[in-house]
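Novice: This is the structure I have questions about; it appears just below.
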Amino acid sequence: MVPASDLYTTKREFDYMSSEGITNGNMVEVELDELIPNNVGLSSDRSLKRSLENWQPKFLDWWRSMGPDGFQEKDVYLRTAVGVGKDGWAVFDYVKMPEYRWGILLAPKEEGRKIPFGNHKGEPVWQEVPGEYRAALRRLIVIQGDTEPASVEQQRYLGKTCPSLYDLRNLFQINVEEARHLWAMVHLLQKYFGRDGREESEALLQRRSGDGDRPRLLGAFNEETPDWLSFFMFTFFTDRDGKMQLESLAQSGFDPLARATRFMLAEEAFHMFVGESGIGRAIRRTCEVMKKAGITDPYDTKAIRALQVIDLPLMQKKVNFHLSVTRDLFGSEISTNAANYFSASLKGRYKEMKLDDDHKLQNDTYPVMRYKNNSFALEQVPALNAINARLLDDYTRECQGGLNRWNKIILDEGIDFEICQPHIAFNRQVGEFAGMSVTPLADVIDSGIWQTRAFEWLPTDDDLKFLKDLTKPQTKPGKFANWISPPRHGVDNKEGDFEYVRLQS
Ligand code: BYC
Ligand code: FE
Ligand code: FE
């Protein structure tokens, strides 16, 4: 049986969209001939059209200077969303990236939609920003918007070391889609937040990932993505935070935000697929090469690295790093900000509509892991304050699904190794466990000792150098770098040696 993660991705995304009703219902015409393709009736909103068309060249300047380095004039086999319906979803063709049709696409309006949670539960959803929530909504949209270009900046140099044209194309697909997510948030800012919104849209193009003076807003988006294993880890772990956050915003009482994020979610599925399958392929290759060389000890890293594949302990270290940094993106486990967002009906919970409670949570509690009296234990706290903790729990469960599938590959190859999630308190900078010195197995230790042992748990400079040296570009159609297996299926069902990126053009 083909594992779910290996199924043809567009089908998965399409199934997701169908299950969420994104592809059903009455579709608003997509204005495809406009400078900015859209299904928001831009042609009849002159001032918004003008302000977005004014922002567009600045966006393109940003894309050219901070988007993929090189490759801008190459033909890339990309999927462009030209509509939110069945026919518009999967249109594949060769495109030069700066000519990609970045558009504004909202999931269809649900007639009669009612606010599903918070103090305004049951009221009709808002089509305009309620004055009292203006600042909070602006902040949520800006934070969401800031992560999108940040990830493009982080991935800027990866094209140069791609393991195959297939992977190169997937990288670029993700990059153009993250840039479209920026468009989605900029549309909301410019349409609903007037002058403030226009200023925020400019600032979104001015902050830079990792910059000392003007960094991106959230920690993980200022880290480097220096090699392809990091990229796959990022798309598995960090894009999945994106998914969880977008799912929460997709519940919002502010309907334009709910509709924008619902359509973004459909694209997110592909990003996580790239991460999960990428790591799975690297694991499979490592195991195969080990077996062929007669290496049974996964900790014989010297011998394994000599064969130019990534040892499993290093994969575990990368998991430890990306997972802990991404957990920080959920904010403090116990957070009054999150309680306020929820009570104000701005940001809900994962699968809010499927949860069986009053969706107001004023009298409920939720168990949150805390460190007290020298031990970790669950403590019941007011559910409203535990919204971030709950989302992090949902996220942890989802991650485990992927880890189980990777471990199945290792098991099937007959190698004795298991990739695990480090303890929730490991290496945290935000929230309950910020600043504690905790091992992946939950031992709380002296901070000096933690520092001297960090090399056991997190990638060292030597590890990163190994990865950097390993990832040499492989750009022959149908060929793959030594450290990674081919995927099971091509994009858009293309044959193995399909030229996903025309480097000669
Ligand atoms: N780094 O109550 P707290 C994606 C600040 S990823 C730096 O703990 P709250 C994507 C916080 O701002 C999804 N600062 O947290 C993925 C606050 O500051 P003030 C992005 C941080 O507010 C891959 C203070 O600490 N979307 O889409 O409940 C590729 C205390 O706040 C961090 C969203 O995040 C941090 N990690 O929750 C491309 C959704 N964490 O007020 C794209 C929108 C917290 O003291 N954002 N702080 O100055 C939110 O819902 C919330 O802002 C957060 C934080 C969940 C991020
Ligand atoms: Fe995104
Ligand atoms: Fe994404």
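Chain labels follow the order of the structure tokens: the first chain is A, the next B, and so on; residue numbering restarts at 1 in every chain, and ligands are counted from 1 in their shown order.
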Within 7 Å of ligand 1, counting only C-alpha atoms and all ligand atoms: which residues, as a VMD selection string?
Specialist: chain A and resid 140 to 141 143 to 144 147 to 148 151 178 217 to 220 235 238 to 243 245 to 246 328 to 333 335 to 338 388 430 to 431
Novice: Can I get the selection written as a compact mmCIF listing (two decimals), in the first residue's frame, with N, CA and C atoms?
Specialist:
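Generated file (selection_13.txt):
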```txt
# COMPACT_ATOMS: atom_id res chain seq x y z
N LEU A 140 -2.58 40.47 14.55
CA LEU A 140 -2.60 39.07 14.11
C LEU A 140 -2.28 38.97 12.62
N ILE A 141 -2.85 39.86 11.83
CA ILE A 141 -2.64 39.80 10.38
C ILE A 141 -1.19 40.17 10.04
N ILE A 143 1.47 39.76 12.00
CA ILE A 143 2.37 38.66 12.40
C ILE A 143 2.28 37.52 11.38
N GLN A 144 1.04 37.17 11.01
CA GLN A 144 0.89 36.12 10.00
C GLN A 144 1.60 36.54 8.72
N THR A 147 5.57 36.27 8.50
CA THR A 147 6.24 34.98 8.38
C THR A 147 6.40 34.54 6.92
N GLU A 148 5.49 34.99 6.07
CA GLU A 148 5.45 34.47 4.70
C GLU A 148 6.68 34.91 3.90
N SER A 151 10.02 33.37 5.23
CA SER A 151 10.43 32.01 4.83
C SER A 151 11.07 32.02 3.45
N GLU A 178 4.23 31.04 -0.71
CA GLU A 178 4.40 31.85 0.50
C GLU A 178 4.28 33.33 0.14
N LEU A 217 9.42 39.23 12.73
CA LEU A 217 8.82 39.40 14.06
C LEU A 217 8.99 38.19 14.98
N LEU A 218 8.95 36.99 14.44
CA LEU A 218 9.00 35.80 15.30
C LEU A 218 10.35 35.09 15.18
N GLY A 219 10.77 34.52 16.31
CA GLY A 219 12.09 33.93 16.42
C GLY A 219 12.49 32.99 15.30
N ALA A 220 11.68 31.97 15.05
CA ALA A 220 12.07 30.92 14.09
C ALA A 220 12.32 31.48 12.70
N THR A 235 9.89 22.76 6.46
CA THR A 235 8.56 22.63 5.86
C THR A 235 7.71 21.60 6.60
N THR A 238 7.83 23.71 10.70
CA THR A 238 7.46 25.12 10.83
C THR A 238 6.25 25.45 9.96
N ASP A 239 6.20 24.93 8.74
CA ASP A 239 4.98 25.13 7.96
C ASP A 239 3.77 24.52 8.67
N ARG A 240 4.02 23.50 9.47
CA ARG A 240 2.90 22.91 10.20
C ARG A 240 2.41 23.83 11.32
N ASP A 241 3.31 24.61 11.90
CA ASP A 241 2.81 25.66 12.80
C ASP A 241 1.93 26.61 11.97
N GLY A 242 2.41 26.92 10.75
CA GLY A 242 1.58 27.75 9.88
C GLY A 242 0.19 27.18 9.73
N LYS A 243 0.14 25.89 9.48
CA LYS A 243 -1.16 25.25 9.32
C LYS A 243 -2.02 25.42 10.58
N GLN A 245 -1.85 27.63 12.99
CA GLN A 245 -2.25 29.03 13.20
C GLN A 245 -3.32 29.42 12.20
N LEU A 246 -3.14 29.00 10.94
CA LEU A 246 -4.13 29.34 9.92
C LEU A 246 -5.47 28.69 10.22
N ASP A 328 8.25 27.27 20.06
CA ASP A 328 8.23 28.66 20.56
C ASP A 328 7.24 29.53 19.78
N LEU A 329 6.95 29.17 18.55
CA LEU A 329 6.05 29.99 17.73
C LEU A 329 4.61 29.97 18.24
N PHE A 330 4.32 29.06 19.14
CA PHE A 330 2.95 29.01 19.65
C PHE A 330 2.71 30.04 20.75
N GLY A 331 3.75 30.78 21.13
CA GLY A 331 3.61 31.76 22.20
C GLY A 331 3.61 31.08 23.54
N SER A 332 3.37 31.84 24.61
CA SER A 332 3.32 31.23 25.94
C SER A 332 2.17 30.25 26.03
N GLU A 333 2.45 29.10 26.64
CA GLU A 333 1.39 28.10 26.81
C GLU A 333 0.20 28.72 27.52
N SER A 335 -1.51 32.11 28.23
CA SER A 335 -1.41 33.43 27.61
C SER A 335 -2.72 34.20 27.69
N THR A 336 -2.64 35.40 28.24
CA THR A 336 -3.86 36.23 28.26
C THR A 336 -4.12 36.81 26.86
N ASN A 337 -3.04 37.02 26.09
CA ASN A 337 -3.26 37.45 24.70
C ASN A 337 -4.18 36.47 23.99
N ALA A 338 -3.82 35.20 24.11
CA ALA A 338 -4.60 34.17 23.40
C ALA A 338 -6.03 34.11 23.94
N ASN A 388 -3.15 28.59 23.71
CA ASN A 388 -1.89 28.29 23.03
C ASN A 388 -1.39 26.90 23.38
N VAL A 430 10.59 30.61 24.67
CA VAL A 430 9.32 31.30 24.88
C VAL A 430 8.44 30.40 25.75
N GLY A 431 7.72 31.00 26.68
CA GLY A 431 6.69 30.25 27.40
C GLY A 431 7.12 29.64 28.72
```
Novice: So that I can check the surroundings of Leu48 of chain A, please list as a list of chain:residue names every protein, DNA and RNA residue that reaches within 12 Å of it, counting only C-alpha atoms and ignoring chain neighbours fewer than 4 positions away.
Specialist: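 These residues fall inside the cut-off: A:Ile36, A:Val40, A:Gly41, A:Leu42, A:Ser43, A:Ser44, A:Leu52, A:Glu53, A:Asn54, A:Trp55, A:Val186, A:His187, A:Leu188, A:Leu189, A:Gln190, A:Lys191, A:Tyr192, A:Phe193, A:Gly194, A:Arg195, A:Gly197, A:Arg198.
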Novice: Please determine, counting only C-alpha atoms and all ligand atoms, which residue among A:Lys476, A:Arg50, A:His181, A:Lys468 has the shortest atom-to-atom distance to ligand 2.
Specialist: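 Closest residue, counting only C-alpha atoms and all ligand atoms: A:His181.
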Novice: Do a neighbour search on Pro116 of chain A at 9 Å with only C-alpha atoms, toss out local chain neighbours closer than 6 positions, and write the hits as a list in words.
Specialist: Gly122, Glu123, Val125, Gln251, Ser252, Gly253, Ser345, Gly348, Glu352, Met353 and His359 of chain A
Novice: Looking at only C-alpha atoms and all ligand atoms, which of A:Pro163, A:Gly496, A:Pro149, A:Pro256 is the one that sits closest to ligand 3?
Specialist: A:Pro149
Novice: Which residues come within 8 Å of segment 288-299 of chain A, counting only C-alpha atoms, excluding same-chain residues fewer than 6 positions away, as a list in words?
Specialist: Leu307, Val309, Asp311, Leu312, Pro313, Glu413, Ile415, Asp416 and Phe417 of chain A
Novice: Using only C-alpha atoms, find the one residue out of A:Lys74, A:Arg214, A:Arg259, A:Arg397 that sits nearest to Glu110 of chain A.
Specialist: A:Arg259
Novice: DSSP on the backbone, then: every residue of segment 303-420 of chain A marked alpha helix (DSSP H), written as a JSON list (two decimals) with N, CA and C atoms, in the first residue's frame.
Specialist:
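Writing done, so here's part-v2.json:
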```json
[["chain", "number", "residue", "atom", "x", "y", "z"],
["A", 303, "ALA", "N", 31.55, 6.22, 9.69],
["A", 303, "ALA", "CA", 31.46, 5.33, 8.52],
["A", 303, "ALA", "C", 30.27, 5.72, 7.64],
["A", 304, "ILE", "N", 29.18, 6.11, 8.29],
["A", 304, "ILE", "CA", 27.97, 6.44, 7.52],
["A", 304, "ILE", "C", 28.19, 7.72, 6.72],
["A", 305, "ARG", "N", 28.77, 8.71, 7.38],
["A", 305, "ARG", "CA", 29.02, 9.97, 6.67],
["A", 305, "ARG", "C", 30.01, 9.79, 5.52],
["A", 306, "ALA", "N", 30.93, 8.88, 5.70],
["A", 306, "ALA", "CA", 31.90, 8.63, 4.63],
["A", 306, "ALA", "C", 31.19, 8.14, 3.37],
["A", 312, "LEU", "N", 21.34, 8.83, 10.96],
["A", 312, "LEU", "CA", 20.06, 9.02, 11.66],
["A", 312, "LEU", "C", 20.21, 9.87, 12.93],
["A", 313, "PRO", "N", 21.31, 9.71, 13.71],
["A", 313, "PRO", "CA", 21.45, 10.59, 14.88],
["A", 313, "PRO", "C", 21.46, 12.07, 14.51],
["A", 314, "LEU", "N", 22.03, 12.40, 13.36],
["A", 314, "LEU", "CA", 22.00, 13.81, 12.94],
["A", 314, "LEU", "C", 20.58, 14.23, 12.58],
["A", 315, "MET", "N", 19.83, 13.33, 11.99],
["A", 315, "MET", "CA", 18.42, 13.66, 11.72],
["A", 315, "MET", "C", 17.70, 13.95, 13.03],
["A", 316, "GLN", "N", 18.00, 13.14, 14.05],
["A", 316, "GLN", "CA", 17.37, 13.36, 15.36],
["A", 316, "GLN", "C", 17.75, 14.74, 15.91],
["A", 317, "LYS", "N", 19.01, 15.11, 15.76],
["A", 317, "LYS", "CA", 19.43, 16.44, 16.24],
["A", 317, "LYS", "C", 18.69, 17.54, 15.50],
["A", 318, "LYS", "N", 18.51, 17.35, 14.20],
["A", 318, "LYS", "CA", 17.78, 18.36, 13.43],
["A", 318, "LYS", "C", 16.33, 18.43, 13.87],
["A", 319, "VAL", "N", 15.75, 17.27, 14.15],
["A", 319, "VAL", "CA", 14.37, 17.26, 14.68],
["A", 319, "VAL", "C", 14.33, 18.05, 16.00],
["A", 320, "ASN", "N", 15.31, 17.79, 16.87],
["A", 320, "ASN", "CA", 15.33, 18.49, 18.16],
["A", 320, "ASN", "C", 15.37, 20.00, 17.97],
["A", 321, "PHE", "N", 16.20, 20.42, 17.03],
["A", 321, "PHE", "CA", 16.35, 21.86, 16.80],
["A", 321, "PHE", "C", 15.06, 22.46, 16.23],
["A", 322, "HIS", "N", 14.60, 21.92, 15.11],
["A", 322, "HIS", "CA", 13.47, 22.54, 14.42],
["A", 322, "HIS", "C", 12.18, 22.45, 15.25],
["A", 323, "LEU", "N", 12.04, 21.36, 15.95],
["A", 323, "LEU", "CA", 10.82, 21.20, 16.75],
["A", 323, "LEU", "C", 10.82, 22.19, 17.92],
["A", 324, "SER", "N", 11.96, 22.33, 18.59],
["A", 324, "SER", "CA", 11.97, 23.22, 19.76],
["A", 324, "SER", "C", 11.80, 24.67, 19.34],
["A", 325, "VAL", "N", 12.45, 25.04, 18.25],
["A", 325, "VAL", "CA", 12.32, 26.42, 17.77],
["A", 325, "VAL", "C", 10.89, 26.70, 17.31],
["A", 326, "THR", "N", 10.27, 25.70, 16.70],
["A", 326, "THR", "CA", 8.91, 25.90, 16.21],
["A", 326, "THR", "C", 7.89, 25.91, 17.35],
["A", 327, "ARG", "N", 8.13, 25.12, 18.38],
["A", 327, "ARG", "CA", 7.22, 25.15, 19.54],
["A", 327, "ARG", "C", 7.12, 26.56, 20.11],
["A", 336, "THR", "N", -2.64, 35.40, 28.24],
["A", 336, "THR", "CA", -3.86, 36.23, 28.26],
["A", 336, "THR", "C", -4.12, 36.81, 26.86],
["A", 337, "ASN", "N", -3.04, 37.02, 26.09],
["A", 337, "ASN", "CA", -3.26, 37.45, 24.70],
["A", 337, "ASN", "C", -4.18, 36.47, 23.99],
["A", 338, "ALA", "N", -3.82, 35.20, 24.11],
["A", 338, "ALA", "CA", -4.60, 34.17, 23.40],
["A", 338, "ALA", "C", -6.03, 34.11, 23.94],
["A", 339, "ALA", "N", -6.17, 34.27, 25.26],
["A", 339, "ALA", "CA", -7.51, 34.28, 25.86],
["A", 339, "ALA", "C", -8.33, 35.43, 25.28],
["A", 340, "ASN", "N", -7.68, 36.59, 25.17],
["A", 340, "ASN", "CA", -8.40, 37.76, 24.63],
["A", 340, "ASN", "C", -8.79, 37.55, 23.17],
["A", 341, "TYR", "N", -7.88, 37.00, 22.38],
["A", 341, "TYR", "CA", -8.20, 36.74, 20.97],
["A", 341, "TYR", "C", -9.40, 35.80, 20.87],
["A", 342, "PHE", "N", -9.41, 34.80, 21.73],
["A", 342, "PHE", "CA", -10.49, 33.82, 21.69],
["A", 342, "PHE", "C", -11.81, 34.45, 22.14],
["A", 343, "SER", "N", -11.77, 35.12, 23.27],
["A", 343, "SER", "CA", -13.01, 35.72, 23.79],
["A", 343, "SER", "C", -13.57, 36.74, 22.81],
["A", 387, "ILE", "N", -5.28, 28.42, 25.58],
["A", 387, "ILE", "CA", -5.53, 28.24, 24.15],
["A", 387, "ILE", "C", -4.24, 27.89, 23.39],
["A", 388, "ASN", "N", -3.15, 28.59, 23.71],
["A", 388, "ASN", "CA", -1.89, 28.29, 23.03],
["A", 388, "ASN", "C", -1.39, 26.90, 23.38],
["A", 389, "ALA", "N", -1.53, 26.52, 24.65],
["A", 389, "ALA", "CA", -1.07, 25.19, 25.08],
["A", 389, "ALA", "C", -1.85, 24.10, 24.34],
["A", 390, "ARG", "N", -3.12, 24.35, 24.18],
["A", 390, "ARG", "CA", -3.96, 23.36, 23.51],
["A", 390, "ARG", "C", -3.57, 23.20, 22.05],
["A", 391, "LEU", "N", -3.30, 24.32, 21.40],
["A", 391, "LEU", "CA", -2.91, 24.25, 19.99],
["A", 391, "LEU", "C", -1.57, 23.52, 19.85],
["A", 392, "LEU", "N", -0.69, 23.78, 20.82],
["A", 392, "LEU", "CA", 0.61, 23.10, 20.81],
["A", 392, "LEU", "C", 0.41, 21.59, 21.02],
["A", 393, "ASP", "N", -0.53, 21.20, 21.83],
["A", 393, "ASP", "CA", -0.84, 19.77, 22.00],
["A", 393, "ASP", "C", -1.35, 19.16, 20.69],
["A", 394, "ASP", "N", -2.24, 19.89, 20.02],
["A", 394, "ASP", "CA", -2.75, 19.40, 18.73],
["A", 394, "ASP", "C", -1.60, 19.24, 17.74],
["A", 395, "TYR", "N", -0.71, 20.21, 17.77],
["A", 395, "TYR", "CA", 0.45, 20.20, 16.88],
["A", 395, "TYR", "C", 1.36, 19.00, 17.18],
["A", 396, "THR", "N", 1.60, 18.77, 18.47],
["A", 396, "THR", "CA", 2.46, 17.65, 18.88],
["A", 396, "THR", "C", 1.91, 16.32, 18.36],
["A", 397, "ARG", "N", 0.60, 16.17, 18.47],
["A", 397, "ARG", "CA", -0.04, 14.94, 17.96],
["A", 397, "ARG", "C", 0.16, 14.79, 16.46],
["A", 398, "GLU", "N", -0.03, 15.88, 15.76],
["A", 398, "GLU", "CA", 0.14, 15.83, 14.30],
["A", 398, "GLU", "C", 1.57, 15.50, 13.89],
["A", 399, "CYS", "N", 2.51, 16.11, 14.58],
["A", 399, "CYS", "CA", 3.93, 15.84, 14.27],
["A", 399, "CYS", "C", 4.21, 14.35, 14.45],
["A", 400, "GLN", "N", 3.65, 13.78, 15.53],
["A", 400, "GLN", "CA", 3.95, 12.38, 15.84],
["A", 400, "GLN", "C", 3.54, 11.46, 14.68],
["A", 401, "GLY", "N", 2.46, 11.81, 14.00],
["A", 401, "GLY", "CA", 2.05, 11.03, 12.84],
["A", 401, "GLY", "C", 3.18, 10.92, 11.82],
["A", 402, "GLY", "N", 3.81, 12.03, 11.54],
["A", 402, "GLY", "CA", 4.93, 12.03, 10.59],
["A", 402, "GLY", "C", 6.10, 11.22, 11.12],
["A", 403, "LEU", "N", 6.43, 11.42, 12.39],
["A", 403, "LEU", "CA", 7.54, 10.67, 12.98],
["A", 403, "LEU", "C", 7.28, 9.16, 12.90],
["A", 404, "ASN", "N", 6.05, 8.78, 13.16],
["A", 404, "ASN", "CA", 5.72, 7.35, 13.08],
["A", 404, "ASN", "C", 5.95, 6.81, 11.67],
["A", 405, "ARG", "N", 5.60, 7.60, 10.67],
["A", 405, "ARG", "CA", 5.81, 7.13, 9.29],
["A", 405, "ARG", "C", 7.30, 7.05, 8.95],
["A", 406, "TRP", "N", 8.09, 8.00, 9.46],
["A", 406, "TRP", "CA", 9.54, 7.91, 9.24],
["A", 406, "TRP", "C", 10.09, 6.67, 9.95],
["A", 407, "ASN", "N", 9.64, 6.45, 11.18],
["A", 407, "ASN", "CA", 10.15, 5.30, 11.93],
["A", 407, "ASN", "C", 9.78, 3.98, 11.27],
["A", 408, "LYS", "N", 8.65, 3.97, 10.58],
["A", 408, "LYS", "CA", 8.24, 2.77, 9.86],
["A", 408, "LYS", "C", 9.22, 2.47, 8.74],
["A", 409, "ILE", "N", 9.71, 3.51, 8.08],
["A", 409, "ILE", "CA", 10.70, 3.31, 7.01],
["A", 409, "ILE", "C", 11.96, 2.67, 7.61],
["A", 410, "ILE", "N", 12.40, 3.21, 8.76],
["A", 410, "ILE", "CA", 13.62, 2.69, 9.40],
["A", 410, "ILE", "C", 13.42, 1.23, 9.82],
["A", 411, "LEU", "N", 12.26, 0.97, 10.40],
["A", 411, "LEU", "CA", 11.94, -0.39, 10.85],
["A", 411, "LEU", "C", 11.92, -1.35, 9.67],
["A", 412, "ASP", "N", 11.25, -0.94, 8.60],
["A", 412, "ASP", "CA", 11.15, -1.80, 7.41],
["A", 412, "ASP", "C", 12.52, -2.10, 6.82]]
```
Novice: Just the residues within 9 Å of Met436 of chain A, please, counting only C-alpha atoms, with nothing from its chain fewer than 5 positions along; format it as a list of chain:residue names.
Specialist: A:Ala425, A:Phe426, A:Asn427, A:Arg428, A:Gln429, A:Val444, A:Ile445, A:Asp446, A:Ser447
Novice: Write the residues you've just listed into a file as a short mmCIF file (atom, residue, chain, number, x, y, z; two decimals), in the first residue's frame, and include C-alpha atoms for each of them.
Specialist:
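Contents of the output file out.cif:
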```cif
data_model
loop_
_atom_site.label_atom_id
_atom_site.label_comp_id
_atom_site.auth_asym_id
_atom_site.auth_seq_id
_atom_site.Cartn_x
_atom_site.Cartn_y
_atom_site.Cartn_z
CA ALA A 425 10.66 21.78 27.78
CA PHE A 426 13.81 21.10 25.77
CA ASN A 427 15.61 24.17 24.36
CA ARG A 428 12.75 26.64 24.75
CA GLN A 429 13.01 30.43 24.60
CA VAL A 444 16.44 19.33 34.42
CA ILE A 445 20.14 19.99 34.74
CA ASP A 446 22.59 22.75 35.59
CA SER A 447 22.79 25.31 32.79
#
```
Novice: Write out as a PyMOL selection string the residues lying within 9 Å of Asp255 of chain A, counting only C-alpha atoms and excluding same-chain residues fewer than 5 positions away.
Specialist: chain A and resi 109+113+115+125-128+250+260
Novice: Would you please work out which residue, of A:Trp228, A:Trp450, A:Phe455, A:Trp183, is nearest to ligand 2 when using only C-alpha atoms and all ligand atoms?
Specialist: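 Closest to ligand 2, using only C-alpha atoms and all ligand atoms: A:Trp183.
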Novice: Show me, as a JSON list (two decimals) with N, CA and C atoms, in the first residue's frame, the residues that have an atom within 10 Å of Tyr500 of chain A when counting only C-alpha atoms, minus same-chain residues fewer than 5 positions from it.
Specialist:
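Written output follows (result-v4.json):
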```json
[["chain", "number", "residue", "atom", "x", "y", "z"],
["A", 75, "ASP", "N", 12.53, 28.87, -16.82],
["A", 75, "ASP", "CA", 11.16, 28.34, -16.86],
["A", 75, "ASP", "C", 11.01, 27.27, -15.79],
["A", 76, "VAL", "N", 10.03, 27.44, -14.93],
["A", 76, "VAL", "CA", 9.79, 26.49, -13.84],
["A", 76, "VAL", "C", 8.38, 25.93, -14.02],
["A", 77, "TYR", "N", 8.27, 24.61, -13.89],
["A", 77, "TYR", "CA", 6.96, 23.97, -14.06],
["A", 77, "TYR", "C", 6.14, 24.14, -12.79],
["A", 78, "LEU", "N", 5.35, 25.19, -12.74],
["A", 78, "LEU", "CA", 4.64, 25.56, -11.52],
["A", 78, "LEU", "C", 3.14, 25.39, -11.66],
["A", 93, "ASP", "N", 2.02, 24.80, -15.58],
["A", 93, "ASP", "CA", 2.68, 25.25, -16.80],
["A", 93, "ASP", "C", 4.07, 25.81, -16.46],
["A", 94, "TYR", "N", 4.89, 25.97, -17.51],
["A", 94, "TYR", "CA", 6.17, 26.63, -17.29],
["A", 94, "TYR", "C", 5.96, 28.13, -17.11],
["A", 164, "SER", "N", 17.79, 17.71, -6.82],
["A", 164, "SER", "CA", 17.25, 17.27, -8.11],
["A", 164, "SER", "C", 16.40, 18.41, -8.66],
["A", 165, "LEU", "N", 16.04, 18.30, -9.94],
["A", 165, "LEU", "CA", 15.14, 19.31, -10.52],
["A", 165, "LEU", "C", 13.75, 19.21, -9.92],
["A", 166, "TYR", "N", 13.37, 17.99, -9.57],
["A", 166, "TYR", "CA", 12.07, 17.79, -8.90],
["A", 166, "TYR", "C", 12.02, 18.59, -7.60],
["A", 167, "ASP", "N", 13.09, 18.47, -6.80],
["A", 167, "ASP", "CA", 13.10, 19.19, -5.52],
["A", 167, "ASP", "C", 13.22, 20.69, -5.73],
["A", 168, "LEU", "N", 13.98, 21.06, -6.75],
["A", 168, "LEU", "CA", 14.15, 22.49, -7.05],
["A", 168, "LEU", "C", 12.80, 23.11, -7.37],
["A", 169, "ARG", "N", 12.05, 22.40, -8.18],
["A", 169, "ARG", "CA", 10.72, 22.89, -8.55],
["A", 169, "ARG", "C", 9.80, 22.99, -7.33],
["A", 170, "ASN", "N", 9.89, 22.02, -6.45],
["A", 170, "ASN", "CA", 9.04, 22.06, -5.26],
["A", 170, "ASN", "C", 9.41, 23.24, -4.36],
["A", 475, "THR", "N", 21.47, 18.54, -11.05],
["A", 475, "THR", "CA", 20.46, 19.20, -11.90],
["A", 475, "THR", "C", 20.22, 18.47, -13.22],
["A", 477, "PRO", "N", 18.10, 16.06, -15.40],
["A", 477, "PRO", "CA", 16.73, 15.55, -15.29],
["A", 477, "PRO", "C", 16.72, 14.08, -14.89],
["A", 478, "GLY", "N", 15.89, 13.75, -13.92],
["A", 478, "GLY", "CA", 15.76, 12.36, -13.50],
["A", 478, "GLY", "C", 16.83, 11.87, -12.55],
["A", 490, "GLY", "N", 5.96, 11.66, -9.69],
["A", 490, "GLY", "CA", 6.35, 12.98, -10.15],
["A", 490, "GLY", "C", 5.25, 13.98, -9.84],
["A", 491, "VAL", "N", 5.58, 15.25, -10.03],
["A", 491, "VAL", "CA", 4.58, 16.30, -9.89],
["A", 491, "VAL", "C", 3.68, 16.26, -11.11],
["A", 494, "LYS", "N", 4.10, 13.51, -13.80],
["A", 494, "LYS", "CA", 5.12, 13.52, -14.85],
["A", 494, "LYS", "C", 6.07, 12.34, -14.67]]
```
Novice: Which distance in Å separates atom CA of Arg285 of chain A and atom CA of Glu177 of chain A, to one decimal?
Specialist: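 It comes out at 28.8 Å.
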Novice: Let's see if you can do this: from backbone DSSP, list all strand (DSSP E or B) residues in segment 355-488 of chain A, as a PyMOL selection string.
Specialist: chain A and resi 365-372+375-382+438+444
Novice: Report, in Å to a single decimal, how far apart atom CA of Cys287 of chain A and atom CA of Ser485 of chain A are.
Specialist: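 Spanning atom CA of Ser485 of chain A to atom CA of Cys287 of chain A is a straight-line distance of 10.6 Å.
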